[in-house]
Structure formats: C-alpha cells, structure tokens
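Some notes on the structure that comes next.
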Amino acid sequence: MAGNIACLRGWHPALAKAELSALFPENEIKPLESHRMVEVSGDLNLLEATKVIQYSSGVRAILSDSIIMNWDGEGSMERFLHQVSVMIEDSPKTGSFSVSHWHQEGKIKGLSGSKIAGMIGGLAGRNGFTIDLDNPEHKLGLVIDGASNMVACGWLIDYISTEGNSNTRRATERPFFKPISLDPKLARLAVNLAGGPLDDNAVLDPMTGTGGFVIEAVMVGRKAIALDLEQEMVDGAMKNVLWALSSEEVTDPSRIQIIKGDATDLRNSVPSNWHQKISGMVLDPPYGRNSHGSLSHFKLIENTLHSFRDVANDDATIVLILPIHPLQEKKLELDEDSEEIKLLHGEWTSFKQMLKNDKWTIKGIWVEHVHSSLGRLILHASSVPQD
Ligand SMILES: C[S@@+](CC[C@H](N)C(=O)[O-])C[C@H]1O[C@@H](n2cnc3c(N)ncnc32)[C@H](O)[C@@H]1O
C-alpha cells in the first residue's frame, strides 16, 4: 500500500510538487519512482483534498488507499490484480462505483487500460459493489505511467480532466491583454505556492500589470490585494478580474482590491485593513527599469521585498518570477548554489546575497523555458529564518 498518491500534471511536475507541499503543509510529500506521482503521507482531509484538486494548478488527481507497482512483464497482471483485490476487500466502502483510467507519459507495451479497468470492475462486483457509470458513490482510479513503467490504483478522491482548469485557459482571451500577461497555469501555481492553504489570509500582487496573479487568486476564492503604478493597469486588471468572475462589480472590497500604488512603499500603498493579514506575495517585476525609470531592476526588487515586511504576516512567503538566460541543459529545478543561473539583469550571487541580507530563506528554485533566448526562474522564499 502506498497510501495517498497525487498524480501531477505534465507541464512542470517539480513545481506541481512544491505547490502540493504548500497546500498540504501538515503532510509530507514523498517521491515515488515516477516523477509524475508522489505519496502524500499522513492523514488527508478528504473534503480539503477535493478542493485542492479543483483549485491547484499542478495536481490532476489524488488516489487514497492506493497501490503502486512496477510493471515488469511476466506475472505483473496477476500480482497487480491480487493487490487491487486486497485493497477493495479491506475498504469499508459499499455501494456503487465506476473505474476511471488514464495514461501519463506514454503507454506500457502490451498493457491495455480499458482491459484492466474491466477486470478491476469485475473484482469490485464480486465484492458486492454495483457498477454506476453516471453517478457512482465511489470511483476507482487506474493510472498507467509509461515513462516509469509504474501502474497505480486507488480510490479516486477527485480527478480533473482538462475543461475549465487554469491549464486550458489563455491570457489572450481576456478583455485587457498585453504581452507581459503571465500564463494562467504559472500564475495559479505561484499564487498557491505563495499563499499556502486556502484560508482567511490574502495574497498580495504589488506589480499587477494585467492582473495575471490576482485573477487566479480570486478565482480560487482567496482574498487578494493588488497594486500597480499605472492607472491603465489598475483599470485593466480590474476589468479582467470582473470578466473572469463573470461579474459586473466587486461585491466585497474586503476580499479583493486593485489600486494605484507603489510596490516599494507598501506600508503607505496597501490600505491598513490588509496589514498583517497577508500570507504571501507574488512578484513579477518589469524586465527593464521600472515604469518611472528611477530604479534598477535589482533595486526595485530589493526595495519591494523589504517593504513587504511592513504589511505581511510573520511567516509569509514570496514567489518571485525572474527573467534568465535559458539553461544549456533542460532542468526543472536548481540548487541555489548552482552556477547555471544567469539572470538577465545582474548577477545571481549578488541577488542571493541581497535575499540573505534581508533575511529571506530560499525554499526552492525552478526553471521554465520560454523561448530560445529567454527562460524564467521561479523562486520561493520564506520570511522565517532557516532552522
Ligand atoms: C511584468 S509586469 C506584471 C505582469 C503581470 N504579472 C501580468 O500578468 O500582467 C510589471 C508591472 O509592474 C508595474 N510596476 C513597475 N514598478 C512598479 C512599482 N514600483 N510599484 C507598482 N507597480 C510597478 C508596471 O507598471 C507593470 O505593470
């Protein structure tokens, strides 16, 4: 038994794993042989887990009381079905069920998902379950992971296909679009990473532009406060938020506010009712000099991070998106001491030193390829000093 298994989406499994850790801070996330599946150990609140799957960017499904096995040819089918049968027998569940199955990262030679799903259906039937494909009380999930040759099966807590998820939406569809607009799936992930579990705390987006982060925050039901120096961006971001919520006006300004303000002076720019009620900041600074041209890219970030402490909770975290030169080798995750990090503006070593001087602890660094001459570094840091 592998307990609870989370199946991660393919666009960036390393970031998806970090998102999962941020959303389930009480559980340990343990790697499994497949980089698209991880174990979520400890007790899982099922209602909470269902919500997480719905609002996360990187989690596709969670299986509970599951089994996972390396498919090594001879005897695999027999062993697998035996383990599934024990799993079904040991479960206190009764009533109707269905089986959902899917492949990730290719198929396993000679293995048919629908055939095994049928056999699992037979096992459940023999244990007193009745099949109901339209409205089952329980679902069994079967995952075939081609890259790792692993097959997993468990009770499906929830499952997202693709419709309506942040992974399928595009920033170009919004009424106010600019080339600076972030990809919704990255924006959703950054908001969850910075904000942590969905609670009464807010996420701050102090350089909101077209509102990439703030849209995702309010779509998942988070409180959000966003700023921009430019009135055009403030108005445009609000237009996008209302469009995303299919609403004509924001009904509760204590849940969402987008205002003109300076990210380097958050104490005065963020209204005092939000102070010390902010669990995370998402920061996507302009690539060149800031709009007023007065500060370098580096200084703008340094001042914003420092200023965040005036309004943030003591244990707040930040997610920072930085332009970098593309890596020579394809990698998803980097160590802070890696020599491969080449920022577009300034030296990584000085940047890292600046974070240290301001007492930020780096929790993780990930990389995303944008095009042949641009990459993105996604940095997660905590205001709590390292143990
Ligand atoms: C790269 S864009 C943000 C893009 C955004 N993530 C999106 O999805 O559209 C950076 C934004 O920061 C704003 N900005 C620059 N300096 C600022 C400051 N000191 N305070 C607040 N906003 C600032 C710019 O006007 C610009 O809209």
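We label chains A, B, ... in the order they appear in the structure tokens, count residues from 1 in each chain, and number ligands from 1 in the order shown.
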Expected answer as a ChimeraX atom specification: residues within 7 Å of ligand 1, only C-alpha atoms and all ligand atoms: /A:178,180-182,206-213,227-230,233,261-264,284-287,290-291,300
So that I can see what lies close to range 186-191 of chain A, please list as number ranges by chain the residues with an atom at most 9 Å from it, counting only C-alpha atoms and leaving out residues fewer than 3 positions away in the same chain. A: 15-16, 19, 55-58, 166-167, 182-183, 194-196, 203, 212-217, 220, 280-282, 318-321, 378, 380
Requested write-out: C-alpha atoms of the selected residues, as a PDB file, in the first residue's frame:
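Result file again-v4.pdb:
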ATOM      1  CA  LEU A  15       6.639  22.948  -9.428  1.00  0.00           C
ATOM      2  CA  ALA A  16       3.472  20.899  -9.004  1.00  0.00           C
ATOM      3  CA  GLU A  19       2.517  23.525  -4.883  1.00  0.00           C
ATOM      4  CA  TYR A  55      -8.043  24.874  -7.393  1.00  0.00           C
ATOM      5  CA  SER A  56      -4.478  23.658  -7.796  1.00  0.00           C
ATOM      6  CA  SER A  57      -2.585  24.185 -10.999  1.00  0.00           C
ATOM      7  CA  GLY A  58      -0.381  21.108 -10.970  1.00  0.00           C
ATOM      8  CA  SER A 166      -6.242  27.037 -15.413  1.00  0.00           C
ATOM      9  CA  ASN A 167      -4.183  24.724 -17.609  1.00  0.00           C
ATOM     10  CA  LEU A 182       1.511  35.694 -17.338  1.00  0.00           C
ATOM     11  CA  ASP A 183       0.420  32.246 -18.379  1.00  0.00           C
ATOM     12  CA  ALA A 194       2.959  31.898  -2.009  1.00  0.00           C
ATOM     13  CA  GLY A 195      -0.444  31.833  -0.303  1.00  0.00           C
ATOM     14  CA  GLY A 196      -0.396  28.286   1.109  1.00  0.00           C
ATOM     15  CA  VAL A 203      -2.230  37.258  -1.338  1.00  0.00           C
ATOM     16  CA  GLY A 212      -2.380  37.610 -14.016  1.00  0.00           C
ATOM     17  CA  PHE A 213      -1.958  36.643 -10.357  1.00  0.00           C
ATOM     18  CA  VAL A 214      -4.913  38.452  -8.867  1.00  0.00           C
ATOM     19  CA  ILE A 215      -7.318  36.798 -11.336  1.00  0.00           C
ATOM     20  CA  GLU A 216      -6.134  33.343 -10.237  1.00  0.00           C
ATOM     21  CA  ALA A 217      -6.277  34.278  -6.557  1.00  0.00           C
ATOM     22  CA  VAL A 220      -9.943  30.055  -6.265  1.00  0.00           C
ATOM     23  CA  GLY A 280       2.089  35.547   0.541  1.00  0.00           C
ATOM     24  CA  MET A 281       3.355  37.921  -2.135  1.00  0.00           C
ATOM     25  CA  VAL A 282       3.662  37.111  -5.815  1.00  0.00           C
ATOM     26  CA  ILE A 318       7.114  35.147  -1.574  1.00  0.00           C
ATOM     27  CA  VAL A 319       7.164  33.819  -5.109  1.00  0.00           C
ATOM     28  CA  LEU A 320       9.336  35.810  -7.446  1.00  0.00           C
ATOM     29  CA  ILE A 321       9.485  35.426 -11.218  1.00  0.00           C
ATOM     30  CA  ILE A 378      10.624  30.877 -10.184  1.00  0.00           C
ATOM     31  CA  HIS A 380      10.045  30.601  -3.451  1.00  0.00           C
TER      32      HIS A 380
END
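Minimum atom-to-atom distance to Val38 in chain A, evaluated using only C-alpha atoms, belongs to A:Ile68 out of A:Ile53, A:Ile68, A:Ser85, A:Pro25.
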All helix (DSSP H, G or I) residues (DSSP, backbone) inside range 142-379 of chain A, as a ChimeraX atom specification: /A:171-173,184-195,212-219,231-244,266-269,272-274,297-308,348-357
Residues within 9 Å of Ile259 in chain A, please, as a PyMOL selection string. Count only C-alpha atoms; anything in the same chain fewer than 3 positions from it doesn't count. chain A and resi 225-229+231+234-235+269-270
Leu332 in chain A surroundings by only C-alpha atoms, 8 Å radius, close-in-sequence under 2 positions cut, as a list in words: His12, Ala14, Lys330, Leu334, Trp366, Val367 and Glu368 of chain A
Kindly indicate which residue among A:Ser247, A:Ser100, A:Asn135, A:Gln276 lies nearest to Ile120 in chain A, using only C-alpha atoms for the distances.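 Closest candidate: A:Ser100.
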Mind the document's chain letters and residue numbers, and return as a count of residues only the residues of range 63-291 of chain A that DSSP labels strand (DSSP E or B). 58
Nearest-residue call for Asp265 in chain A, choices A:Arg309, A:Lys223, A:His101, A:Arg60, using only C-alpha atoms: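 Closest residue, counting only C-alpha atoms: A:Arg309.
Nearest to Ser114 in chain A of all the residues A:Val143, A:Phe97, A:Ser338, A:Ile88 is A:Val143, counting only C-alpha atoms.
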Excluding Asn313 in chain A and its own-chain neighbours fewer than 5 positions away, which residues fall within 10 Å of it when counting only C-alpha atoms? Please give them as a ChimeraX atom specification. /A:201-202,275-280,308,383
Non-local contacts of Glu48 in chain A (12 Å; only C-alpha atoms; under 6 positions in same chain excluded) as a ChimeraX atom specification: /A:23-24,54-56,62,157-158,197-199
Deliver the residues from the most recent selection as a file, using all heavy atoms, as a PDB file, in the first residue's frame.
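Output saved as selection.pdb:
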ATOM      1  N   LEU A  23       0.165  23.497  -0.265  1.00  0.00           N
ATOM      2  CA  LEU A  23      -1.273  23.374   0.001  1.00  0.00           C
ATOM      3  C   LEU A  23      -1.575  22.356   1.105  1.00  0.00           C
ATOM      4  O   LEU A  23      -2.623  22.413   1.733  1.00  0.00           O
ATOM      5  CB  LEU A  23      -2.021  23.003  -1.290  1.00  0.00           C
ATOM      6  CG  LEU A  23      -1.985  24.072  -2.381  1.00  0.00           C
ATOM      7  CD1 LEU A  23      -2.642  23.568  -3.661  1.00  0.00           C
ATOM      8  CD2 LEU A  23      -2.665  25.362  -1.927  1.00  0.00           C
ATOM      9  N   PHE A  24      -0.656  21.423   1.335  1.00  0.00           N
ATOM     10  CA  PHE A  24      -0.810  20.431   2.419  1.00  0.00           C
ATOM     11  C   PHE A  24       0.381  20.542   3.378  1.00  0.00           C
ATOM     12  O   PHE A  24       1.210  19.617   3.451  1.00  0.00           O
ATOM     13  CB  PHE A  24      -0.859  19.005   1.847  1.00  0.00           C
ATOM     14  CG  PHE A  24      -2.116  18.663   1.107  1.00  0.00           C
ATOM     15  CD1 PHE A  24      -2.097  18.444  -0.254  1.00  0.00           C
ATOM     16  CD2 PHE A  24      -3.323  18.544   1.779  1.00  0.00           C
ATOM     17  CE1 PHE A  24      -3.256  18.108  -0.944  1.00  0.00           C
ATOM     18  CE2 PHE A  24      -4.484  18.201   1.100  1.00  0.00           C
ATOM     19  CZ  PHE A  24      -4.454  17.990  -0.262  1.00  0.00           C
ATOM     20  N   GLN A  54      -9.326  20.799  -7.186  1.00  0.00           N
ATOM     21  CA  GLN A  54     -10.080  21.727  -8.036  1.00  0.00           C
ATOM     22  C   GLN A  54      -9.340  23.044  -8.250  1.00  0.00           C
ATOM     23  O   GLN A  54      -9.402  23.613  -9.324  1.00  0.00           O
ATOM     24  CB  GLN A  54     -11.468  22.020  -7.431  1.00  0.00           C
ATOM     25  CG  GLN A  54     -12.371  20.810  -7.307  1.00  0.00           C
ATOM     26  CD  GLN A  54     -12.760  20.231  -8.655  1.00  0.00           C
ATOM     27  OE1 GLN A  54     -12.803  20.936  -9.655  1.00  0.00           O
ATOM     28  NE2 GLN A  54     -13.015  18.928  -8.702  1.00  0.00           N
ATOM     29  N   TYR A  55      -8.649  23.550  -7.215  1.00  0.00           N
ATOM     30  CA  TYR A  55      -8.043  24.874  -7.393  1.00  0.00           C
ATOM     31  C   TYR A  55      -6.536  24.856  -7.615  1.00  0.00           C
ATOM     32  O   TYR A  55      -5.935  25.888  -7.851  1.00  0.00           O
ATOM     33  CB  TYR A  55      -8.456  25.846  -6.288  1.00  0.00           C
ATOM     34  CG  TYR A  55      -7.917  25.638  -4.893  1.00  0.00           C
ATOM     35  CD1 TYR A  55      -6.571  25.858  -4.600  1.00  0.00           C
ATOM     36  CD2 TYR A  55      -8.758  25.283  -3.844  1.00  0.00           C
ATOM     37  CE1 TYR A  55      -6.084  25.696  -3.316  1.00  0.00           C
ATOM     38  CE2 TYR A  55      -8.277  25.116  -2.549  1.00  0.00           C
ATOM     39  CZ  TYR A  55      -6.943  25.323  -2.299  1.00  0.00           C
ATOM     40  OH  TYR A  55      -6.463  25.166  -1.035  1.00  0.00           O
ATOM     41  N   SER A  56      -5.926  23.670  -7.561  1.00  0.00           N
ATOM     42  CA  SER A  56      -4.478  23.658  -7.796  1.00  0.00           C
ATOM     43  C   SER A  56      -4.209  23.802  -9.295  1.00  0.00           C
ATOM     44  O   SER A  56      -5.098  23.639 -10.119  1.00  0.00           O
ATOM     45  CB  SER A  56      -3.888  22.343  -7.307  1.00  0.00           C
ATOM     46  OG  SER A  56      -4.088  21.356  -8.286  1.00  0.00           O
ATOM     47  N   ILE A  62      -5.993  12.724  -6.940  1.00  0.00           N
ATOM     48  CA  ILE A  62      -5.431  12.086  -5.743  1.00  0.00           C
ATOM     49  C   ILE A  62      -6.156  10.764  -5.534  1.00  0.00           C
ATOM     50  O   ILE A  62      -7.388  10.692  -5.597  1.00  0.00           O
ATOM     51  CB  ILE A  62      -5.545  12.980  -4.482  1.00  0.00           C
ATOM     52  CG1 ILE A  62      -4.774  14.298  -4.688  1.00  0.00           C
ATOM     53  CG2 ILE A  62      -4.994  12.244  -3.250  1.00  0.00           C
ATOM     54  CD1 ILE A  62      -4.733  15.216  -3.468  1.00  0.00           C
ATOM     55  N   ILE A 157     -10.079  10.366  -5.040  1.00  0.00           N
ATOM     56  CA  ILE A 157     -10.684  11.439  -4.237  1.00  0.00           C
ATOM     57  C   ILE A 157     -11.299  12.454  -5.188  1.00  0.00           C
ATOM     58  O   ILE A 157     -12.415  12.903  -5.022  1.00  0.00           O
ATOM     59  CB  ILE A 157      -9.625  12.104  -3.329  1.00  0.00           C
ATOM     60  CG1 ILE A 157      -9.164  11.101  -2.288  1.00  0.00           C
ATOM     61  CG2 ILE A 157     -10.206  13.348  -2.658  1.00  0.00           C
ATOM     62  CD1 ILE A 157      -8.140  11.613  -1.320  1.00  0.00           C
ATOM     63  N   ASP A 158     -10.558  12.838  -6.187  1.00  0.00           N
ATOM     64  CA  ASP A 158     -11.120  13.662  -7.249  1.00  0.00           C
ATOM     65  C   ASP A 158     -10.161  13.636  -8.415  1.00  0.00           C
ATOM     66  O   ASP A 158      -9.011  13.244  -8.285  1.00  0.00           O
ATOM     67  CB  ASP A 158     -11.371  15.099  -6.788  1.00  0.00           C
ATOM     68  CG  ASP A 158     -12.555  15.718  -7.531  1.00  0.00           C
ATOM     69  OD1 ASP A 158     -12.974  15.143  -8.559  1.00  0.00           O
ATOM     70  OD2 ASP A 158     -13.064  16.746  -7.087  1.00  0.00           O
ATOM     71  N   PRO A 197      -2.263  27.136   2.195  1.00  0.00           N
ATOM     72  CA  PRO A 197      -3.637  26.637   2.241  1.00  0.00           C
ATOM     73  C   PRO A 197      -4.652  27.786   2.138  1.00  0.00           C
ATOM     74  O   PRO A 197      -4.383  28.889   2.613  1.00  0.00           O
ATOM     75  CB  PRO A 197      -3.719  25.971   3.622  1.00  0.00           C
ATOM     76  CG  PRO A 197      -2.326  25.767   4.053  1.00  0.00           C
ATOM     77  CD  PRO A 197      -1.486  26.798   3.390  1.00  0.00           C
ATOM     78  N   LEU A 198      -5.776  27.476   1.527  1.00  0.00           N
ATOM     79  CA  LEU A 198      -6.828  28.482   1.349  1.00  0.00           C
ATOM     80  C   LEU A 198      -7.403  28.838   2.719  1.00  0.00           C
ATOM     81  O   LEU A 198      -7.966  27.984   3.389  1.00  0.00           O
ATOM     82  CB  LEU A 198      -7.912  27.850   0.474  1.00  0.00           C
ATOM     83  CG  LEU A 198      -8.841  28.757  -0.300  1.00  0.00           C
ATOM     84  CD1 LEU A 198      -8.067  29.683  -1.203  1.00  0.00           C
ATOM     85  CD2 LEU A 198      -9.809  27.928  -1.126  1.00  0.00           C
ATOM     86  N   ASP A 199      -7.196  30.086   3.149  1.00  0.00           N
ATOM     87  CA  ASP A 199      -7.743  30.492   4.446  1.00  0.00           C
ATOM     88  C   ASP A 199      -8.151  31.957   4.363  1.00  0.00           C
ATOM     89  O   ASP A 199      -8.345  32.486   3.267  1.00  0.00           O
ATOM     90  CB  ASP A 199      -6.731  30.218   5.579  1.00  0.00           C
ATOM     91  CG  ASP A 199      -5.392  30.923   5.340  1.00  0.00           C
ATOM     92  OD1 ASP A 199      -5.351  31.871   4.535  1.00  0.00           O
ATOM     93  OD2 ASP A 199      -4.393  30.519   5.960  1.00  0.00           O
TER      94      ASP A 199
END
Close residues, range 105-108 of chain A itself excluded, 7 Å, only C-alpha atoms, min 3 positions apart in chain, as a PyMOL selection string: chain A and resi 111+144-147+149
Hey, which of A:Asp90, A:Val218, A:Thr130, A:Trp243 ends up closest to Ala171 in chain A? Count only C-alpha atoms.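 When distances to Ala171 in chain A are compared using only C-alpha atoms, the smallest one comes from A:Trp243.
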Quick one: of A:Asn273, A:Ser34, A:Asn192, A:Thr172, who's nearest to Leu20 in chain A, counting only C-alpha atoms? A:Asn192
Distance of CA of Ser112 in chain A from CA of Leu8 in chain A, expressed in Å to one decimal place: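 Value for the CA of Leu8 in chain A-CA of Ser112 in chain A distance: 21.4 Å.
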Please tabulate, as a Markdown table, the residues of range 96-206 of chain A that come within 10 Å of range 76-83 of chain A, each with its closest pair of atoms and the distance in Å to one decimal, counting only C-alpha atoms and ordering rows by chain, then residue number upward.
| residue | atom | partner | partner_atom | distance |
| --- | --- | --- | --- | --- |
| A:Leu111 | CA | A:Met77 | CA | 9.1 |
| A:Ile116 | CA | A:Leu81 | CA | 8.5 |
| A:Met119 | CA | A:Leu81 | CA | 7.9 |
| A:Ile120 | CA | A:Leu81 | CA | 7.2 |
| A:Leu123 | CA | A:Leu81 | CA | 8.3 |
| A:Val151 | CA | A:Phe80 | CA | 8.5 |
| A:Ala152 | CA | A:Phe80 | CA | 9.0 |
| A:Cys153 | CA | A:Phe80 | CA | 9.1 |
For the residues in that selection, give me all heavy atoms as a PDB file, in the first residue's frame.
ATOM      1  N   LEU A 111      -0.042  -3.382 -22.473  1.00  0.00           N
ATOM      2  CA  LEU A 111      -0.977  -3.192 -21.355  1.00  0.00           C
ATOM      3  C   LEU A 111      -2.137  -2.285 -21.787  1.00  0.00           C
ATOM      4  O   LEU A 111      -1.907  -1.151 -22.221  1.00  0.00           O
ATOM      5  CB  LEU A 111      -0.198  -2.577 -20.198  1.00  0.00           C
ATOM      6  CG  LEU A 111      -0.813  -2.696 -18.823  1.00  0.00           C
ATOM      7  CD1 LEU A 111       0.291  -2.645 -17.790  1.00  0.00           C
ATOM      8  CD2 LEU A 111      -1.759  -1.570 -18.588  1.00  0.00           C
ATOM      9  N   ILE A 116      -7.732  -3.645 -18.140  1.00  0.00           N
ATOM     10  CA  ILE A 116      -7.521  -3.795 -16.683  1.00  0.00           C
ATOM     11  C   ILE A 116      -8.672  -3.149 -15.921  1.00  0.00           C
ATOM     12  O   ILE A 116      -9.107  -3.670 -14.894  1.00  0.00           O
ATOM     13  CB  ILE A 116      -6.211  -3.151 -16.200  1.00  0.00           C
ATOM     14  CG1 ILE A 116      -5.051  -3.619 -17.048  1.00  0.00           C
ATOM     15  CG2 ILE A 116      -5.942  -3.495 -14.756  1.00  0.00           C
ATOM     16  CD1 ILE A 116      -3.728  -3.142 -16.516  1.00  0.00           C
ATOM     17  N   MET A 119     -11.305  -5.552 -15.645  1.00  0.00           N
ATOM     18  CA  MET A 119     -11.013  -6.609 -14.655  1.00  0.00           C
ATOM     19  C   MET A 119     -11.205  -6.085 -13.224  1.00  0.00           C
ATOM     20  O   MET A 119     -11.707  -6.802 -12.361  1.00  0.00           O
ATOM     21  CB  MET A 119      -9.567  -7.089 -14.811  1.00  0.00           C
ATOM     22  CG  MET A 119      -9.350  -7.856 -16.099  1.00  0.00           C
ATOM     23  SD  MET A 119      -7.611  -8.241 -16.214  1.00  0.00           S
ATOM     24  CE  MET A 119      -7.561  -9.274 -17.636  1.00  0.00           C
ATOM     25  N   ILE A 120     -10.786  -4.819 -13.011  1.00  0.00           N
ATOM     26  CA  ILE A 120     -10.968  -4.231 -11.673  1.00  0.00           C
ATOM     27  C   ILE A 120     -12.468  -4.125 -11.370  1.00  0.00           C
ATOM     28  O   ILE A 120     -12.921  -4.399 -10.259  1.00  0.00           O
ATOM     29  CB  ILE A 120     -10.274  -2.838 -11.591  1.00  0.00           C
ATOM     30  CG1 ILE A 120      -8.761  -3.008 -11.709  1.00  0.00           C
ATOM     31  CG2 ILE A 120     -10.632  -2.124 -10.293  1.00  0.00           C
ATOM     32  CD1 ILE A 120      -7.983  -1.713 -11.792  1.00  0.00           C
ATOM     33  N   LEU A 123     -13.631  -7.380 -10.142  1.00  0.00           N
ATOM     34  CA  LEU A 123     -13.242  -7.634  -8.741  1.00  0.00           C
ATOM     35  C   LEU A 123     -14.171  -6.901  -7.781  1.00  0.00           C
ATOM     36  O   LEU A 123     -14.619  -7.464  -6.782  1.00  0.00           O
ATOM     37  CB  LEU A 123     -11.805  -7.114  -8.499  1.00  0.00           C
ATOM     38  CG  LEU A 123     -10.658  -7.863  -9.154  1.00  0.00           C
ATOM     39  CD1 LEU A 123      -9.345  -7.138  -8.891  1.00  0.00           C
ATOM     40  CD2 LEU A 123     -10.596  -9.278  -8.596  1.00  0.00           C
ATOM     41  N   VAL A 151       2.328   1.325 -12.472  1.00  0.00           N
ATOM     42  CA  VAL A 151       0.867   1.328 -12.559  1.00  0.00           C
ATOM     43  C   VAL A 151       0.335   1.519 -11.138  1.00  0.00           C
ATOM     44  O   VAL A 151       0.809   0.877 -10.207  1.00  0.00           O
ATOM     45  CB  VAL A 151       0.339   0.009 -13.160  1.00  0.00           C
ATOM     46  CG1 VAL A 151      -1.170   0.049 -13.296  1.00  0.00           C
ATOM     47  CG2 VAL A 151       0.972  -0.250 -14.518  1.00  0.00           C
ATOM     48  N   ALA A 152      -0.627   2.428 -10.986  1.00  0.00           N
ATOM     49  CA  ALA A 152      -1.189   2.686  -9.653  1.00  0.00           C
ATOM     50  C   ALA A 152      -2.700   2.563  -9.705  1.00  0.00           C
ATOM     51  O   ALA A 152      -3.331   2.806 -10.743  1.00  0.00           O
ATOM     52  CB  ALA A 152      -0.802   4.082  -9.183  1.00  0.00           C
ATOM     53  N   CYS A 153      -3.257   2.163  -8.571  1.00  0.00           N
ATOM     54  CA  CYS A 153      -4.720   2.093  -8.481  1.00  0.00           C
ATOM     55  C   CYS A 153      -5.129   2.487  -7.064  1.00  0.00           C
ATOM     56  O   CYS A 153      -4.427   2.157  -6.096  1.00  0.00           O
ATOM     57  CB  CYS A 153      -5.185   0.676  -8.795  1.00  0.00           C
ATOM     58  SG  CYS A 153      -6.979   0.484  -8.714  1.00  0.00           S
TER      59      CYS A 153
END
